$ cat input-v2.txt   # compact mmCIF, C-alpha atoms (C1' of nucleotides)
# COMPACT_ATOMS: atom_id res chain seq x y z
CA MET A 3 -5.08 34.98 -8.18
CA GLU A 4 -5.53 35.20 -11.89
CA PHE A 5 -7.00 32.97 -14.54
CA HIS A 6 -4.55 30.68 -16.29
CA GLY A 7 -5.23 30.04 -19.92
CA GLN A 8 -2.42 27.50 -19.94
CA ILE A 9 -1.49 24.85 -17.44
CA ASP A 10 2.20 24.72 -16.67
CA ARG A 11 3.77 22.15 -18.98
CA ARG A 12 6.24 21.12 -16.28
CA GLN A 13 3.40 19.75 -14.20
CA GLN A 14 1.93 17.77 -17.08
CA LYS A 15 5.37 16.40 -17.90
CA THR A 16 6.02 15.35 -14.33
CA ARG A 17 2.62 13.73 -13.90
CA LEU A 18 2.92 11.82 -17.14
CA ALA A 19 6.41 10.63 -16.23
CA ILE A 20 5.07 9.36 -12.91
CA TYR A 21 2.05 7.68 -14.52
CA ARG A 22 4.24 5.95 -17.06
CA ALA A 23 6.77 4.89 -14.45
CA PHE A 24 3.99 3.50 -12.31
CA SER A 25 2.47 1.51 -15.17
CA SER A 26 5.87 0.21 -16.13
CA LEU A 27 6.61 -0.94 -12.60
CA LEU A 28 3.19 -2.56 -12.36
CA MET A 29 4.13 -4.84 -15.23
CA GLU A 30 7.08 -6.29 -13.33
CA LYS A 31 5.91 -6.30 -9.72
CA SER A 32 2.74 -6.07 -7.67
CA PHE A 33 1.25 -2.81 -6.46
CA ALA A 34 2.00 -3.83 -2.88
CA ALA A 35 5.66 -4.38 -3.73
CA ILE A 36 6.10 -1.01 -5.42
CA THR A 37 7.51 1.71 -3.20
CA VAL A 38 7.31 5.44 -3.71
CA GLN A 39 11.08 5.34 -4.10
CA ASP A 40 10.70 2.87 -6.99
CA ILE A 41 8.35 5.25 -8.75
CA ILE A 42 10.62 8.23 -8.13
CA ASP A 43 13.63 6.38 -9.53
CA GLU A 44 11.76 5.06 -12.55
CA ALA A 45 10.12 8.38 -13.32
CA ASN A 46 13.37 10.21 -12.67
CA VAL A 47 11.81 12.97 -10.60
CA GLY A 48 12.79 14.42 -7.25
CA ARG A 49 11.39 12.99 -4.06
CA SER A 50 9.71 16.21 -3.01
CA THR A 51 8.28 16.55 -6.50
CA PHE A 52 6.38 13.31 -6.16
CA TYR A 53 4.93 14.35 -2.82
CA SER A 54 3.94 17.75 -4.15
CA HIS A 55 1.73 15.95 -6.68
CA PHE A 56 0.50 12.89 -4.77
CA SER A 57 0.24 12.10 -1.11
CA THR A 58 0.33 8.30 -1.50
CA LYS A 59 0.46 5.54 -4.08
CA GLU A 60 -3.31 5.30 -3.81
CA ASP A 61 -3.66 8.99 -4.51
CA LEU A 62 -1.55 8.43 -7.62
CA ILE A 63 -4.05 5.85 -8.87
CA ASP A 64 -6.91 8.26 -8.23
CA GLY A 65 -5.16 10.88 -10.30
CA LEU A 66 -4.40 8.43 -13.06
CA CYS A 67 -8.00 7.23 -13.20
CA LYS A 68 -9.36 10.78 -13.33
CA GLU A 69 -6.91 11.54 -16.10
CA ILE A 70 -7.98 8.48 -18.08
CA PHE A 71 -11.71 8.92 -17.59
CA SER A 72 -11.61 12.60 -18.45
CA HIS A 73 -10.75 11.34 -21.92
CA VAL A 74 -13.03 8.31 -22.01
CA PHE A 75 -16.15 10.00 -20.72
CA SER A 76 -15.64 13.28 -22.48
CA GLU A 77 -18.38 15.16 -24.26
CA PRO A 78 -18.79 14.22 -27.92
CA GLU A 79 -16.05 15.67 -30.12
CA GLY A 80 -16.89 17.62 -33.21
CA PRO A 81 -15.74 16.46 -36.65
CA GLY A 82 -11.97 16.41 -37.04
CA ALA A 83 -11.17 13.70 -34.53
CA ASP A 84 -10.01 10.41 -36.04
CA HIS A 85 -13.25 8.86 -34.96
CA ASP A 86 -16.71 10.27 -35.06
CA PHE A 87 -19.46 9.06 -32.82
CA SER A 88 -20.90 12.51 -32.38
CA HIS A 89 -23.82 12.00 -34.73
CA SER A 90 -25.19 9.13 -32.72
CA ARG A 91 -24.35 9.54 -29.07
CA TYR A 92 -27.92 8.84 -28.03
CA ASN A 93 -27.69 5.34 -29.43
CA ILE A 94 -26.56 3.19 -26.51
CA ASP A 95 -24.60 0.79 -28.73
CA ASP A 96 -22.56 3.60 -30.17
CA GLU A 97 -22.05 5.22 -26.81
CA LEU A 98 -20.64 1.98 -25.41
CA ALA A 99 -18.44 1.48 -28.46
CA HIS A 100 -17.24 5.05 -27.98
CA ILE A 101 -16.14 4.20 -24.45
CA LEU A 102 -14.32 1.05 -25.55
CA TYR A 103 -12.62 2.99 -28.31
CA HIS A 104 -11.14 5.40 -25.78
CA LEU A 105 -10.22 2.65 -23.35
CA ARG A 106 -7.98 1.09 -25.95
CA SER A 107 -6.20 4.33 -26.64
CA SER A 108 -5.18 4.41 -22.97
CA SER A 109 -4.58 0.68 -22.72
CA ASP A 110 -0.87 1.16 -21.99
CA LEU A 111 -1.89 2.66 -18.68
CA ILE A 112 -5.06 0.65 -18.07
CA ILE A 113 -3.95 -2.93 -18.72
CA PRO A 114 -1.19 -2.94 -16.08
CA MET A 115 -3.72 -1.68 -13.56
CA ILE A 116 -6.53 -4.11 -14.30
CA SER A 117 -4.05 -6.99 -14.41
CA SER A 118 -2.68 -6.26 -10.96
CA ASP A 119 -3.60 -6.13 -7.30
CA CYS A 120 -4.81 -2.55 -7.66
CA SER A 121 -7.50 -3.32 -10.23
CA GLU A 122 -10.18 -2.63 -7.64
CA MET A 123 -9.25 1.04 -7.53
CA PHE A 124 -9.51 1.43 -11.28
CA LEU A 125 -12.70 -0.59 -11.55
CA ARG A 126 -14.37 1.36 -8.77
CA HIS A 127 -13.85 4.54 -10.78
CA TYR A 128 -15.04 2.82 -13.93
CA ARG A 129 -18.21 1.51 -12.30
CA THR A 130 -19.01 4.97 -11.01
CA GLU A 131 -18.72 6.39 -14.50
CA LEU A 132 -20.77 3.57 -16.02
CA ALA A 133 -23.50 4.10 -13.44
CA GLY A 134 -24.13 7.43 -15.12
CA ILE A 135 -24.99 5.56 -18.29
CA PHE A 136 -26.82 2.49 -17.05
CA SER A 137 -28.62 3.84 -13.98
CA LYS A 138 -32.20 4.93 -14.23
CA ASP A 139 -32.23 6.54 -10.81
CA GLU A 140 -29.86 9.38 -10.13
CA ASP A 141 -29.48 8.60 -6.46
CA GLY A 142 -27.43 5.45 -6.96
CA THR A 143 -30.00 3.15 -5.40
CA ASP A 144 -29.88 0.68 -8.21
CA ASP A 145 -31.58 -2.65 -8.52
CA PHE A 146 -30.09 -6.03 -9.24
CA TRP A 147 -30.46 -5.76 -13.00
CA THR A 148 -28.65 -2.46 -13.24
CA PHE A 149 -25.93 -3.83 -10.98
CA MET A 150 -25.53 -6.79 -13.31
CA LEU A 151 -25.60 -4.56 -16.37
CA ILE A 152 -22.72 -2.47 -15.06
CA GLY A 153 -20.80 -5.55 -13.94
CA GLY A 154 -21.38 -7.16 -17.32
CA PHE A 155 -20.02 -4.20 -19.20
CA VAL A 156 -17.00 -4.07 -16.90
CA GLU A 157 -16.33 -7.74 -17.72
CA THR A 158 -16.84 -7.09 -21.42
CA SER A 159 -14.35 -4.23 -21.20
CA ARG A 160 -11.79 -6.42 -19.47
CA TRP A 161 -12.14 -9.11 -22.11
CA TYR A 162 -11.98 -6.55 -24.91
CA LEU A 163 -8.82 -4.93 -23.54
CA SER A 164 -6.98 -8.22 -23.31
CA HIS A 165 -7.97 -9.34 -26.82
CA VAL A 166 -6.43 -7.05 -29.39
CA GLU A 167 -8.30 -8.68 -32.24
CA MET A 168 -11.63 -7.40 -30.89
CA THR A 169 -13.16 -4.22 -32.20
CA PRO A 170 -15.30 -1.96 -30.01
CA GLU A 171 -18.28 -2.89 -32.19
CA SER A 172 -17.82 -6.63 -31.90
CA ALA A 173 -17.37 -6.36 -28.14
CA VAL A 174 -20.55 -4.33 -27.78
CA GLU A 175 -22.39 -6.81 -29.99
CA MET A 176 -21.36 -9.71 -27.76
CA PHE A 177 -22.28 -7.71 -24.67
CA MET A 178 -25.70 -7.02 -26.15
CA GLU A 179 -26.28 -10.71 -26.84
CA VAL A 180 -26.23 -11.30 -23.10
CA TYR A 181 -27.48 -8.00 -21.71
CA GLY A 182 -29.53 -6.36 -24.44
CA ARG A 183 -32.83 -7.37 -22.92
CA LEU A 184 -31.79 -5.91 -19.53
CA LEU A 185 -31.33 -2.39 -20.84
CA PRO A 186 -33.72 0.19 -19.36
CA ASP A 187 -35.52 0.89 -22.65
CA GLU A 188 -35.98 -2.83 -23.29
CA ARG A 189 -37.46 -3.51 -19.89
CA SER A 190 -41.13 -3.39 -19.01
CA MET B 8 8.92 -36.37 10.72
CA GLU B 9 5.74 -38.10 11.73
CA PHE B 10 2.13 -37.90 10.73
CA HIS B 11 -0.01 -35.50 12.73
CA GLY B 12 -3.55 -36.62 13.26
CA GLN B 13 -4.33 -33.30 14.89
CA ILE B 14 -3.26 -29.78 14.02
CA ASP B 15 -2.04 -27.77 16.99
CA ARG B 16 -4.96 -25.82 18.38
CA ARG B 17 -2.70 -22.90 19.28
CA GLN B 18 -2.01 -22.32 15.61
CA GLN B 19 -5.68 -22.37 14.70
CA LYS B 20 -6.44 -19.97 17.54
CA THR B 21 -3.71 -17.56 16.48
CA ARG B 22 -4.69 -17.64 12.83
CA LEU B 23 -8.34 -17.06 13.64
CA ALA B 24 -7.48 -14.16 15.93
CA ILE B 25 -5.43 -12.60 13.14
CA TYR B 26 -8.16 -13.18 10.53
CA ARG B 27 -10.77 -11.62 12.77
CA ALA B 28 -8.54 -8.69 13.66
CA PHE B 29 -7.84 -8.10 9.99
CA SER B 30 -11.53 -8.16 9.05
CA SER B 31 -12.34 -5.85 11.90
CA LEU B 32 -9.68 -3.35 10.86
CA LEU B 33 -10.84 -3.53 7.27
CA MET B 34 -14.23 -2.21 8.35
CA GLU B 35 -12.71 0.98 9.72
CA LYS B 36 -9.81 1.70 7.38
CA SER B 37 -8.50 0.75 3.95
CA PHE B 38 -6.21 -2.20 3.34
CA ALA B 39 -3.44 0.19 2.33
CA ALA B 40 -3.76 2.05 5.62
CA ILE B 41 -3.60 -1.08 7.76
CA THR B 42 -0.13 -1.88 9.08
CA VAL B 43 1.12 -5.20 10.37
CA GLN B 44 1.43 -3.49 13.74
CA ASP B 45 -2.29 -2.64 13.65
CA ILE B 46 -3.13 -6.28 13.06
CA ILE B 47 -0.80 -7.46 15.81
CA ASP B 48 -2.33 -5.04 18.30
CA GLU B 49 -5.91 -5.84 17.33
CA ALA B 50 -5.31 -9.60 17.32
CA ASN B 51 -3.31 -9.35 20.52
CA VAL B 52 -0.52 -11.61 19.35
CA GLY B 53 3.24 -11.17 19.45
CA ARG B 54 5.09 -9.58 16.58
CA SER B 55 7.19 -12.64 15.87
CA THR B 56 4.06 -14.78 16.01
CA PHE B 57 2.50 -12.89 13.13
CA TYR B 58 5.60 -13.28 11.02
CA SER B 59 5.87 -16.98 11.78
CA HIS B 60 2.44 -17.39 10.18
CA PHE B 61 2.45 -14.80 7.40
CA SER B 62 5.21 -13.01 5.57
CA THR B 63 3.11 -10.00 4.51
CA LYS B 64 -0.41 -8.57 4.62
CA GLU B 65 -0.97 -10.05 1.17
CA ASP B 66 0.09 -13.46 2.39
CA LEU B 67 -2.47 -13.09 5.15
CA ILE B 68 -5.21 -12.56 2.56
CA ASP B 69 -4.07 -15.63 0.66
CA GLY B 70 -4.32 -17.70 3.82
CA LEU B 71 -7.70 -16.27 4.66
CA CYS B 72 -9.04 -17.01 1.18
CA LYS B 73 -7.77 -20.57 1.25
CA GLU B 74 -9.35 -21.01 4.65
CA ILE B 75 -12.69 -19.68 3.42
CA PHE B 76 -12.75 -21.60 0.16
CA SER B 77 -11.76 -24.87 1.80
CA HIS B 78 -15.19 -24.63 3.39
CA VAL B 79 -17.10 -23.23 0.43
CA PHE B 80 -15.76 -25.59 -2.19
CA SER B 81 -15.62 -28.67 -0.01
CA GLU B 82 -16.78 -32.06 -1.15
CA PRO B 83 -20.44 -32.78 -0.43
CA GLU B 84 -21.10 -33.52 3.22
CA GLY B 85 -23.02 -36.58 4.24
CA PRO B 86 -26.29 -36.31 6.15
CA GLY B 87 -25.97 -34.66 9.54
CA ALA B 88 -24.91 -31.21 8.42
CA ASP B 89 -27.51 -28.48 8.91
CA HIS B 90 -27.95 -28.32 5.17
CA ASP B 91 -28.02 -31.09 2.67
CA PHE B 92 -27.20 -30.54 -0.94
CA SER B 93 -25.44 -33.87 -1.26
CA HIS B 94 -28.29 -35.62 -3.09
CA SER B 95 -28.19 -33.20 -5.97
CA ARG B 96 -24.68 -31.90 -6.54
CA TYR B 97 -24.86 -32.61 -10.23
CA ASN B 98 -27.64 -30.10 -10.63
CA ILE B 99 -25.92 -26.82 -11.43
CA ASP B 100 -28.58 -24.70 -9.72
CA ASP B 101 -28.15 -26.55 -6.48
CA GLU B 102 -24.39 -26.48 -6.71
CA LEU B 103 -24.41 -22.70 -7.09
CA ALA B 104 -26.89 -22.32 -4.23
CA HIS B 105 -24.61 -24.53 -2.16
CA ILE B 106 -21.73 -22.13 -2.78
CA LEU B 107 -23.80 -19.09 -1.85
CA TYR B 108 -24.98 -20.83 1.28
CA HIS B 109 -21.40 -21.26 2.44
CA LEU B 110 -20.39 -17.75 1.44
CA ARG B 111 -22.96 -16.32 3.82
CA SER B 112 -21.72 -18.40 6.69
CA SER B 113 -18.31 -16.73 6.25
CA SER B 114 -19.73 -13.32 5.42
CA ASP B 115 -18.18 -11.76 8.54
CA LEU B 116 -14.81 -12.32 6.95
CA ILE B 117 -15.80 -11.94 3.29
CA ILE B 118 -17.83 -8.72 3.29
CA PRO B 119 -15.04 -6.52 4.71
CA MET B 120 -12.74 -7.87 2.01
CA ILE B 121 -15.03 -7.43 -0.98
CA SER B 122 -15.99 -3.96 0.22
CA SER B 123 -12.41 -2.76 0.41
CA ASP B 124 -9.35 -2.04 -1.69
CA CYS B 125 -8.23 -5.66 -1.39
CA SER B 126 -11.31 -7.13 -3.04
CA GLU B 127 -9.24 -8.05 -6.07
CA MET B 128 -7.25 -10.61 -4.07
CA PHE B 129 -10.37 -12.32 -2.79
CA LEU B 130 -12.14 -12.22 -6.13
CA ARG B 131 -9.13 -13.66 -7.93
CA HIS B 132 -9.29 -16.71 -5.68
CA TYR B 133 -13.04 -16.92 -6.13
CA ARG B 134 -12.82 -16.77 -9.92
CA THR B 135 -10.25 -19.53 -9.91
CA GLU B 136 -12.57 -21.75 -7.90
CA LEU B 137 -15.56 -20.89 -10.08
CA ALA B 138 -13.60 -21.72 -13.22
CA GLY B 139 -13.63 -25.31 -12.01
CA ILE B 140 -17.41 -25.25 -12.23
CA PHE B 141 -18.09 -23.15 -15.33
CA SER B 142 -15.14 -24.04 -17.54
CA LYS B 143 -15.53 -26.66 -20.21
CA ASP B 144 -11.82 -26.86 -20.94
CA GLU B 145 -9.47 -27.88 -18.19
CA ASP B 146 -6.57 -25.84 -19.48
CA GLY B 147 -8.04 -22.48 -18.57
CA THR B 148 -8.27 -21.24 -22.14
CA ASP B 149 -11.83 -20.10 -21.82
CA ASP B 150 -13.96 -18.26 -24.31
CA PHE B 151 -15.86 -15.02 -23.88
CA TRP B 152 -19.07 -16.70 -22.75
CA THR B 153 -17.41 -18.66 -19.97
CA PHE B 154 -15.58 -15.52 -18.90
CA MET B 155 -18.90 -13.69 -18.68
CA LEU B 156 -20.54 -16.56 -16.88
CA ILE B 157 -17.91 -16.50 -14.15
CA GLY B 158 -18.00 -12.72 -13.96
CA GLY B 159 -21.77 -12.81 -13.77
CA PHE B 160 -21.79 -15.25 -10.91
CA VAL B 161 -19.19 -13.18 -9.07
CA GLU B 162 -21.46 -10.16 -9.44
CA THR B 163 -24.46 -12.18 -8.30
CA SER B 164 -22.48 -13.29 -5.26
CA ARG B 165 -21.53 -9.72 -4.41
CA TRP B 166 -25.13 -8.58 -4.66
CA TYR B 167 -26.33 -11.55 -2.64
CA LEU B 168 -23.82 -10.97 0.15
CA SER B 169 -24.79 -7.34 0.56
CA HIS B 170 -28.52 -8.07 0.61
CA VAL B 171 -29.40 -10.11 3.68
CA GLU B 172 -32.97 -10.61 2.53
CA MET B 173 -31.84 -12.73 -0.41
CA THR B 174 -31.79 -16.48 -0.20
CA PRO B 175 -29.24 -18.58 -2.10
CA GLU B 176 -32.10 -19.95 -4.19
CA SER B 177 -33.52 -16.55 -5.16
CA ALA B 178 -30.05 -15.30 -6.05
CA VAL B 179 -29.38 -18.30 -8.27
CA GLU B 180 -32.78 -17.86 -9.88
CA MET B 181 -32.00 -14.26 -10.79
CA PHE B 182 -28.57 -15.26 -12.03
CA MET B 183 -30.17 -17.92 -14.24
CA GLU B 184 -32.58 -15.39 -15.72
CA VAL B 185 -29.61 -13.61 -17.25
CA TYR B 186 -27.11 -16.42 -17.73
CA GLY B 187 -29.09 -19.63 -17.95
CA ARG B 188 -28.84 -19.80 -21.72
CA LEU B 189 -25.05 -19.37 -21.55
CA LEU B 190 -24.48 -22.50 -19.48
CA PRO B 191 -22.45 -25.19 -21.25
CA ASP B 192 -25.32 -27.70 -21.37
CA GLU B 193 -27.67 -25.10 -22.82
CA ARG B 194 -25.32 -24.05 -25.58
CA SER B 195 -25.21 -25.59 -29.02
C1' DT C 30 13.13 39.75 -24.80
C1' DG C 31 12.66 40.49 -20.02
C1' DT C 32 10.26 39.71 -15.60
C1' DG C 33 7.81 37.88 -11.99
C1' DT C 34 6.05 33.47 -10.82
C1' DT C 35 5.94 28.69 -10.22
C1' DA C 36 7.72 24.02 -10.35
C1' DC C 37 11.53 20.92 -9.77
C1' DT C 38 15.67 19.49 -7.21
C1' DG C 39 18.09 16.84 -3.84
C1' DA C 40 20.04 16.54 0.44
C1' DA C 41 19.03 16.18 5.14
C1' DC C 42 16.08 14.84 8.52
C1' DA C 43 12.60 12.64 11.92
C1' DA C 44 9.29 9.30 12.31
C1' DA C 45 7.16 5.07 11.33
C1' DA C 46 6.99 0.40 9.64
C1' DT C 47 9.22 -3.75 8.42
C1' DG C 48 11.35 -8.03 9.23
C1' DT C 49 14.59 -10.90 12.10
C1' DT C 50 16.68 -12.96 16.20
C1' DC C 51 16.58 -15.43 20.44
C1' DA C 52 16.06 -16.83 25.15
C1' DT C 53 12.05 -17.74 27.87
C1' DT C 54 7.49 -19.36 28.90
C1' DA C 55 3.27 -21.74 27.96
C1' DA C 56 0.46 -25.13 25.63
C1' DC C 57 -0.05 -28.93 23.11
C1' DT C 58 -0.02 -34.17 21.55
C1' DA C 59 0.57 -38.72 22.47
C1' DT D 3 4.37 -37.33 32.30
C1' DA D 4 7.72 -36.34 28.71
C1' DG D 5 9.03 -34.46 24.57
C1' DT D 6 7.75 -31.28 21.16
C1' DT D 7 6.04 -27.21 19.24
C1' DA D 8 4.09 -22.54 19.39
C1' DA D 9 3.76 -17.99 21.42
C1' DT D 10 6.06 -14.16 23.55
C1' DG D 11 8.24 -9.65 23.53
C1' DA D 12 12.20 -7.05 23.71
C1' DA D 13 15.96 -5.59 21.04
C1' DC D 14 17.77 -4.63 16.80
C1' DA D 15 19.09 -3.25 11.86
C1' DT D 16 16.96 -1.86 7.85
C1' DT D 17 13.79 0.18 4.84
C1' DT D 18 10.23 3.30 3.75
C1' DT D 19 7.75 7.30 4.49
C1' DG D 20 6.82 12.08 4.56
C1' DT D 21 8.56 16.91 5.33
C1' DT D 22 11.56 20.92 4.94
C1' DC D 23 14.11 24.31 2.52
C1' DA D 24 17.45 26.89 0.00
C1' DG D 25 18.93 26.85 -4.68
C1' DT D 26 18.00 26.30 -9.63
C1' DA D 27 15.51 25.91 -13.91
C1' DA D 28 11.42 26.42 -16.68
C1' DC D 29 7.45 28.60 -17.41
C1' DA D 30 3.55 32.25 -18.99
C1' DC D 31 2.81 36.50 -20.34
C1' DA D 32 3.55 41.18 -21.56
$ encode --input "input-v2.txt" --output "structure tokens"
Amino acid sequence: MEFHGQIDRRQQKTRLAIYRAFSSLLMEKSFAAITVQDIIDEANVGRSTFYSHFSTKEDLIDGLCKEIFSHVFSEPEGPGADHDFSHSRYNIDDELAHILYHLRSSSDLIIPMISSDCSEMFLRHYRTELAGIFSKDEDGTDDFWTFMLIGGFVETSRWYLSHVEMTPESAVEMFMEVYGRLLPDERS
Amino acid sequence: MEFHGQIDRRQQKTRLAIYRAFSSLLMEKSFAAITVQDIIDEANVGRSTFYSHFSTKEDLIDGLCKEIFSHVFSEPEGPGADHDFSHSRYNIDDELAHILYHLRSSSDLIIPMISSDCSEMFLRHYRTELAGIFSKDEDGTDDFWTFMLIGGFVETSRWYLSHVEMTPESAVEMFMEVYGRLLPDERS
DNA sequence: TGTGTTACTGAACAAAATGTTCATTAACTA
DNA sequence: TAGTTAATGAACATTTTGTTCAGTAACACA
């Protein structure tokens, strides 16, 4: 076993083809109605290839969510990216805007999911990630207000994603109008 | 074709057995992992019986949701029921408490659903019903604030259902602390 | 550029799940 | 009680799932 500086490009290509095929299918039929065979045909990969990457449709969603959130909840980028929030990541407004910014760049994959009967699986991942931002406690034993805060930002994100005219900043501003006073540093 | 004053009790019995079996299964495995055969075995009904009632697992959920919400969003009962909100249904607080009251009486069926990978199907029904209460427009073209209001009450309901110590009134009170100023009659 | 490694292929297969049919039996309504 | 309707369960064709494997192509790295 040796260290790999590079991941095999064939794997990335296959996974992306499957993710895209899945999203595409989700726009025309429900998650329940999509078969593994559908995905294989749409992605144009071999049957055994699919099963060497994912054990089930649900496992596929898990992989897709991890892929998406590895981008969304990444550490701050240095200068050079086409956006720069790195100077102000400890400002909660900017951190939330940063998240929304990344969500939109993956919206081709996200919108089909949150519009379908598998939205729960995506949102469960999203909530878990958001808990890291909104929770005071580390042990996940949150109170009602934190629960509402997370739920409120999930709703804000859903609205934002389905309204192209919204900017991350305007979405966060509207979120703050409702939830600003619930934030940990605003509370007694 | 004649009018039926009574619905056949055998149908009710079968449907209830299937609903209960489904809820029970949902507590031990995911919706995706549950097969029609599982439900048939657990409910102890014949294969053809299941398919004469429901075409798919998803159809089952639809039926279950309609069943639940026909109770929750029923017209006000007259005196004689073990609760009486009928004198004050035009007070929004009481109307919301009324809903939560009914949700708890069906919590055996609801909690397994909202805790699982089919929560989306239940919540979609619930949102639709809530839109009738929170929406100003009839045509479903709601604004951000109404969207958040509905989402907020869904979250409140989820919290309430998983915390047995909460009363409908205390849940509504907490909801109002966050959302009271967003209600249509409070807005400019 | 060559070499050893790894991923993809696709056909073939068994197993499981789906969805339908129908003659029979049981339960219901009126 | 009579007529109607629902439940049963076995049998069946079909679809979907998940695995195997020998052959082929693409890869990383030296």
$ interface_residues --input "input-v2.txt" --of "chain B" --to "chain C" --cutoff "12 Å" --atoms "all atoms listed in the file" --output "list of chain:residue names"
B:Glu9, B:Phe10, B:His11, B:Gly12, B:Gln13, B:Ile14, B:Asp15, B:Arg16, B:Arg17, B:Gln18, B:Lys20, B:Ala40, B:Ile41, B:Thr42, B:Val43, B:Gln44, B:Asp45, B:Arg54, B:Ser55, B:Thr56, B:Phe57, B:Tyr58, B:Ser59, B:Phe61, B:Ser62, B:Thr63, B:Lys64
$ closest_atom_pairs --input "input-v2.txt" --of "chain A" --to "chain B" --cutoff "12 Å" --atoms "all atoms listed in the file" --output "Markdown table"
| residue | atom | partner | partner_atom | distance |
| --- | --- | --- | --- | --- |
| A:Ser32 | CA | B:Glu65 | CA | 10.4 |
| A:Phe33 | CA | B:Ala39 | CA | 10.4 |
| A:Ala34 | CA | B:Glu65 | CA | 8.0 |
| A:Ala35 | CA | B:Glu65 | CA | 10.0 |
| A:Thr58 | CA | B:Ala39 | CA | 9.7 |
| A:Lys59 | CA | B:Ala39 | CA | 9.2 |
| A:Glu60 | CA | B:Ala39 | CA | 8.0 |
| A:Asp61 | CA | B:Ala39 | CA | 11.1 |
| A:Ile63 | CA | B:Asp124 | CA | 11.9 |
| A:Met115 | CA | B:Glu127 | CA | 11.3 |
| A:Ile116 | CA | B:Glu127 | CA | 9.5 |
| A:Ser117 | CA | B:Glu127 | CA | 9.9 |
| A:Ser118 | CA | B:Glu127 | CA | 8.4 |
| A:Asp119 | CA | B:Glu127 | CA | 6.1 |
| A:Cys120 | CA | B:Glu127 | CA | 7.2 |
| A:Ser121 | CA | B:Glu127 | CA | 6.5 |
| A:Glu122 | CA | B:Glu127 | CA | 5.7 |
| A:Met123 | CA | B:Asp124 | CA | 6.6 |
| A:Phe124 | CA | B:Asp124 | CA | 10.2 |
| A:Leu125 | CA | B:Glu127 | CA | 9.9 |
| A:Arg126 | CA | B:Asp124 | CA | 9.3 |
| A:Asp144 | CA | B:Trp166 | CA | 11.0 |
| A:Asp145 | CA | B:Trp166 | CA | 9.6 |
| A:Phe146 | CA | B:Trp166 | CA | 7.2 |
| A:Trp147 | CA | B:Met181 | CA | 8.9 |
| A:Thr148 | CA | B:Trp166 | CA | 11.1 |
| A:Phe149 | CA | B:Glu162 | CA | 7.9 |
| A:Met150 | CA | B:Glu162 | CA | 6.5 |
| A:Leu151 | CA | B:Gly159 | CA | 9.5 |
| A:Ile152 | CA | B:Glu162 | CA | 9.6 |
| A:Gly153 | CA | B:Glu162 | CA | 6.5 |
| A:Gly154 | CA | B:Gly159 | CA | 6.7 |
| A:Phe155 | CA | B:Met155 | CA | 9.6 |
| A:Val156 | CA | B:Gly158 | CA | 9.2 |
| A:Glu157 | CA | B:Gly158 | CA | 6.5 |
| A:Thr158 | CA | B:Met155 | CA | 7.4 |
| A:Ser159 | CA | B:Met155 | CA | 10.8 |
| A:Arg160 | CA | B:Phe154 | CA | 9.9 |
| A:Trp161 | CA | B:Phe151 | CA | 7.2 |
| A:Tyr162 | CA | B:Phe151 | CA | 9.4 |
| A:Ser164 | CA | B:Phe151 | CA | 11.2 |
| A:His165 | CA | B:Phe151 | CA | 10.2 |
| A:Met168 | CA | B:Phe151 | CA | 11.2 |
| A:Ser172 | CA | B:Phe151 | CA | 11.8 |
| A:Ala173 | CA | B:Phe151 | CA | 9.8 |
| A:Met176 | CA | B:Phe151 | CA | 8.6 |
| A:Phe177 | CA | B:Met155 | CA | 9.1 |
| A:Met178 | CA | B:Val185 | CA | 11.7 |
| A:Glu179 | CA | B:Leu189 | CA | 10.2 |
| A:Val180 | CA | B:Val185 | CA | 7.1 |
| A:Tyr181 | CA | B:Val185 | CA | 7.5 |
| A:Gly182 | CA | B:Val185 | CA | 10.2 |
| A:Arg183 | CA | B:Val185 | CA | 9.0 |
| A:Leu184 | CA | B:Val185 | CA | 8.3 |
| A:Leu185 | CA | B:Val185 | CA | 11.9 |
$ interface_residues --input "input-v2.txt" --of "chain D" --to "chain A" --cutoff "10 Å" --atoms "only C-alpha atoms (C1' of nucleotides)" --output "list in words"
DT18, DT19, DG20, DT21, DT22, DA28, DC29 and DA30 of chain D
$ atom_distance --input "input-v2.txt" --atom1 "CA of Leu168 in chain B" --atom2 "CA of Leu107 in chain B"
8.4 Å
$ atom_distance --input "input-v2.txt" --atom1 "CA of Thr16 in chain A" --atom2 "CA of His100 in chain A"
28.9 Å
